[in-house]
Amino acid sequence: MKNTITIILMLISISSFAKSEQEMDTISNWQVYNGGKLLKVFNALSTDYRILLTKGKIRAIDTVEVKYFDDTPCIDCIASLTIRTDKNKEIRRINNSLSNYSFKIKTTDLQVLAFENSSSILRFYYIEDEADEEVLLFEIEIR
């Protein structure tokens, strides 16, 4: 009986450890800040991509900053953050060169982009010039 309990506890420990290693071992991760305050952290295993910004709480001085990290960065690549509407129309592209994986845009600019394009949801994609396709990082819903 004692050996059975020991084996069961070992199996539970091993499976928990394996799951935690899988969740922590990601190639890419990114953080989204608004006015210097962390809004949300994402990685390759994230499933909830939505960030909600309320119009009444958007301040003119705030800036949304996306910090993207990759454990194997492309040193000579130009990285871009593309903003698209919920209908997939590209409305803004922010380029950064030479492994600078930080992108900034004023929250008031996001509000104007959403209004001008009749889209309350803005999707943010990341791409390097060597990549075949963009990667959805997150989406902001402006209410």
# chains A, B, ... in the order shown; residues from 1 in each chain; ligands from 1
$ residues_around --residues "region 104-108 of chain A" --least-positions-apart "6" --cutoff "12 Å" --atoms "only C-alpha atoms" --output "NGL selection string"
:A and (31-36 or 53-68 or 80-83 or 92-96 or 114-115 or 122 or 124 or 140-142)
$ write_last_selection --atoms "N, CA and C atoms" --output "short mmCIF file (atom, residue, chain, number, x, y, z; two decimals), in the first residue's frame"
data_model
loop_
_atom_site.label_atom_id
_atom_site.label_comp_id
_atom_site.auth_asym_id
_atom_site.auth_seq_id
_atom_site.Cartn_x
_atom_site.Cartn_y
_atom_site.Cartn_z
N GLN A 31 4.67 41.40 -24.08
CA GLN A 31 3.94 42.11 -23.04
C GLN A 31 3.34 43.37 -23.65
N VAL A 32 2.16 43.73 -23.16
CA VAL A 32 1.49 44.93 -23.63
C VAL A 32 1.31 45.87 -22.44
N TYR A 33 1.78 47.11 -22.62
CA TYR A 33 1.70 48.13 -21.58
C TYR A 33 0.85 49.29 -22.08
N ASN A 34 0.19 49.96 -21.16
CA ASN A 34 -0.52 51.20 -21.48
C ASN A 34 -0.13 52.23 -20.42
N GLY A 35 0.51 53.30 -20.86
CA GLY A 35 0.96 54.32 -19.93
C GLY A 35 1.96 53.79 -18.92
N GLY A 36 2.77 52.82 -19.33
CA GLY A 36 3.77 52.23 -18.45
C GLY A 36 3.23 51.13 -17.54
N LEU A 53 -10.10 48.26 -23.84
CA LEU A 53 -9.85 49.66 -23.48
C LEU A 53 -11.20 50.38 -23.51
N THR A 54 -11.50 51.07 -22.43
CA THR A 54 -12.76 51.81 -22.34
C THR A 54 -12.50 53.26 -22.73
N LYS A 55 -13.35 53.80 -23.62
CA LYS A 55 -13.15 55.17 -24.13
C LYS A 55 -13.00 56.20 -23.02
N GLY A 56 -13.77 56.11 -21.98
CA GLY A 56 -13.71 57.07 -20.90
C GLY A 56 -12.42 57.03 -20.10
N LYS A 57 -11.69 55.90 -20.21
CA LYS A 57 -10.45 55.75 -19.45
C LYS A 57 -9.21 55.94 -20.31
N ILE A 58 -9.38 56.23 -21.60
CA ILE A 58 -8.24 56.47 -22.48
C ILE A 58 -7.78 57.91 -22.28
N ARG A 59 -6.52 58.05 -21.89
CA ARG A 59 -5.96 59.38 -21.65
C ARG A 59 -5.09 59.79 -22.83
N ALA A 60 -5.09 61.06 -23.14
CA ALA A 60 -4.33 61.58 -24.29
C ALA A 60 -2.83 61.35 -24.14
N ILE A 61 -2.33 61.26 -22.92
CA ILE A 61 -0.89 61.11 -22.71
C ILE A 61 -0.43 59.65 -22.74
N ASP A 62 -1.36 58.70 -22.75
CA ASP A 62 -0.99 57.28 -22.69
C ASP A 62 -0.52 56.75 -24.04
N THR A 63 0.37 55.80 -23.96
CA THR A 63 0.91 55.13 -25.14
C THR A 63 0.86 53.63 -24.90
N VAL A 64 0.38 52.90 -25.88
CA VAL A 64 0.43 51.44 -25.82
C VAL A 64 1.80 51.02 -26.33
N GLU A 65 2.49 50.22 -25.53
CA GLU A 65 3.80 49.71 -25.92
C GLU A 65 3.76 48.19 -25.94
N VAL A 66 4.26 47.61 -27.02
CA VAL A 66 4.35 46.17 -27.17
C VAL A 66 5.83 45.81 -27.12
N LYS A 67 6.19 44.95 -26.18
CA LYS A 67 7.57 44.47 -26.08
C LYS A 67 7.57 43.00 -26.45
N TYR A 68 8.24 42.71 -27.55
CA TYR A 68 8.28 41.35 -28.10
C TYR A 68 9.65 40.75 -27.84
N SER A 80 8.16 44.29 -37.80
CA SER A 80 7.01 45.18 -37.98
C SER A 80 5.84 44.73 -37.12
N LEU A 81 5.11 45.71 -36.65
CA LEU A 81 3.85 45.48 -35.97
C LEU A 81 2.77 46.03 -36.89
N THR A 82 1.86 45.17 -37.31
CA THR A 82 0.79 45.57 -38.21
C THR A 82 -0.52 45.61 -37.44
N ILE A 83 -1.27 46.69 -37.63
CA ILE A 83 -2.58 46.81 -37.00
C ILE A 83 -3.63 46.63 -38.09
N ARG A 92 -2.35 50.30 -40.19
CA ARG A 92 -1.11 50.93 -39.72
C ARG A 92 -0.02 49.87 -39.64
N ARG A 93 1.20 50.27 -40.00
CA ARG A 93 2.36 49.40 -39.85
C ARG A 93 3.45 50.20 -39.15
N ILE A 94 3.99 49.62 -38.10
CA ILE A 94 5.06 50.26 -37.34
C ILE A 94 6.31 49.41 -37.52
N ASN A 95 7.34 49.98 -38.12
CA ASN A 95 8.58 49.25 -38.37
C ASN A 95 9.63 49.59 -37.33
N ASN A 96 10.40 48.60 -36.96
CA ASN A 96 11.57 48.77 -36.11
C ASN A 96 12.69 47.96 -36.71
N ALA A 114 -9.67 53.22 -34.92
CA ALA A 114 -10.88 52.41 -34.75
C ALA A 114 -12.10 53.16 -35.27
N PHE A 115 -12.20 54.45 -34.94
CA PHE A 115 -13.35 55.25 -35.38
C PHE A 115 -13.36 55.43 -36.90
N LEU A 122 -9.23 46.05 -32.91
CA LEU A 122 -7.99 46.22 -33.67
C LEU A 122 -7.09 45.04 -33.35
N PHE A 124 -3.41 43.10 -33.68
CA PHE A 124 -1.99 43.43 -33.78
C PHE A 124 -1.21 42.18 -34.19
N ILE A 140 -7.13 44.51 -29.46
CA ILE A 140 -7.66 45.50 -28.52
C ILE A 140 -9.09 45.82 -28.94
N GLU A 141 -9.98 45.74 -27.97
CA GLU A 141 -11.36 46.14 -28.21
C GLU A 141 -11.57 47.48 -27.52
N ILE A 142 -12.04 48.45 -28.27
CA ILE A 142 -12.29 49.79 -27.73
C ILE A 142 -13.81 49.95 -27.58
#
$ closest_residue --among "A:Leu136, A:Ala131, A:Ile78, A:Ile121" --to "Leu52 (chain A)" --atoms "only C-alpha atoms"
A:Ile121
$ select_by_dssp --residues "region 10-140 of chain A" --states "strand (DSSP E)" --output "VMD selection string"
chain A and resid 28 to 34 37 to 43 50 to 53 63 to 70 78 to 85 90 to 97 102 to 106 121 to 128 135 to 140
$ residues_around --residues "Asp48 (chain A)" --least-positions-apart "2" --cutoff "12 Å" --atoms "only C-alpha atoms" --output "list in words"
Lys40, Val41, Phe42, Asn43, Ala44, Leu45, Ser46, Arg50, Ile51, Leu52, Leu136, Leu137, Phe138, Glu139 and Ile140 of chain A
$ write_last_selection --atoms "C-alpha atoms" --output "PDB file, in the first residue's frame"
ATOM      1  CA  LYS A  40      -1.284  41.619 -20.266  1.00  0.00           C
ATOM      2  CA  VAL A  41       1.452  39.048 -20.934  1.00  0.00           C
ATOM      3  CA  PHE A  42       1.181  36.624 -23.849  1.00  0.00           C
ATOM      4  CA  ASN A  43       3.183  33.720 -25.240  1.00  0.00           C
ATOM      5  CA  ALA A  44       2.910  31.093 -27.945  1.00  0.00           C
ATOM      6  CA  LEU A  45       0.428  29.099 -25.837  1.00  0.00           C
ATOM      7  CA  SER A  46      -1.917  32.005 -25.044  1.00  0.00           C
ATOM      8  CA  ARG A  50      -8.348  40.264 -26.070  1.00  0.00           C
ATOM      9  CA  ILE A  51      -7.515  43.484 -24.230  1.00  0.00           C
ATOM     10  CA  LEU A  52     -10.351  45.875 -23.425  1.00  0.00           C
ATOM     11  CA  LEU A 136      -1.393  37.411 -34.225  1.00  0.00           C
ATOM     12  CA  LEU A 137      -0.142  38.866 -30.954  1.00  0.00           C
ATOM     13  CA  PHE A 138      -3.338  40.274 -29.454  1.00  0.00           C
ATOM     14  CA  GLU A 139      -6.402  42.354 -30.181  1.00  0.00           C
ATOM     15  CA  ILE A 140      -7.664  45.497 -28.519  1.00  0.00           C
TER      16      ILE A 140
END
$ residues_around --residues "Asp70 (chain A)" --least-positions-apart "2" --cutoff "9 Å" --atoms "only C-alpha atoms" --output "PyMOL selection string"
chain A and resi 26-30+68+72-74+101
$ write_last_selection --atoms "N, CA and C atoms" --output "PDB file, in the first residue's frame"
ATOM      1  N   THR A  26       8.666  28.586 -23.961  1.00  0.00           N
ATOM      2  CA  THR A  26       8.127  29.164 -25.182  1.00  0.00           C
ATOM      3  C   THR A  26       9.225  29.896 -25.931  1.00  0.00           C
ATOM      4  N   ILE A  27       9.106  29.916 -27.227  1.00  0.00           N
ATOM      5  CA  ILE A  27      10.104  30.582 -28.044  1.00  0.00           C
ATOM      6  C   ILE A  27       9.892  32.089 -28.022  1.00  0.00           C
ATOM      7  N   SER A  28       8.668  32.501 -28.102  1.00  0.00           N
ATOM      8  CA  SER A  28       8.355  33.934 -28.157  1.00  0.00           C
ATOM      9  C   SER A  28       7.366  34.300 -27.058  1.00  0.00           C
ATOM     10  N   ASN A  29       7.504  35.517 -26.560  1.00  0.00           N
ATOM     11  CA  ASN A  29       6.514  36.056 -25.630  1.00  0.00           C
ATOM     12  C   ASN A  29       6.484  37.563 -25.801  1.00  0.00           C
ATOM     13  N   TRP A  30       5.394  38.166 -25.382  1.00  0.00           N
ATOM     14  CA  TRP A  30       5.242  39.611 -25.549  1.00  0.00           C
ATOM     15  C   TRP A  30       4.379  40.159 -24.427  1.00  0.00           C
ATOM     16  N   TYR A  68       8.238  42.708 -27.551  1.00  0.00           N
ATOM     17  CA  TYR A  68       8.276  41.347 -28.103  1.00  0.00           C
ATOM     18  C   TYR A  68       9.651  40.745 -27.840  1.00  0.00           C
ATOM     19  N   THR A  72      15.657  33.515 -30.171  1.00  0.00           N
ATOM     20  CA  THR A  72      16.548  33.435 -31.338  1.00  0.00           C
ATOM     21  C   THR A  72      16.241  34.606 -32.269  1.00  0.00           C
ATOM     22  N   PRO A  73      16.581  35.824 -31.870  1.00  0.00           N
ATOM     23  CA  PRO A  73      16.230  36.987 -32.689  1.00  0.00           C
ATOM     24  C   PRO A  73      17.020  37.038 -33.995  1.00  0.00           C
ATOM     25  N   CYS A  74      16.416  37.623 -34.979  1.00  0.00           N
ATOM     26  CA  CYS A  74      17.069  37.852 -36.268  1.00  0.00           C
ATOM     27  C   CYS A  74      17.797  39.191 -36.165  1.00  0.00           C
ATOM     28  N   TYR A 101      12.725  45.211 -30.588  1.00  0.00           N
ATOM     29  CA  TYR A 101      11.404  44.599 -30.566  1.00  0.00           C
ATOM     30  C   TYR A 101      10.429  45.338 -29.656  1.00  0.00           C
TER      31      TYR A 101
END
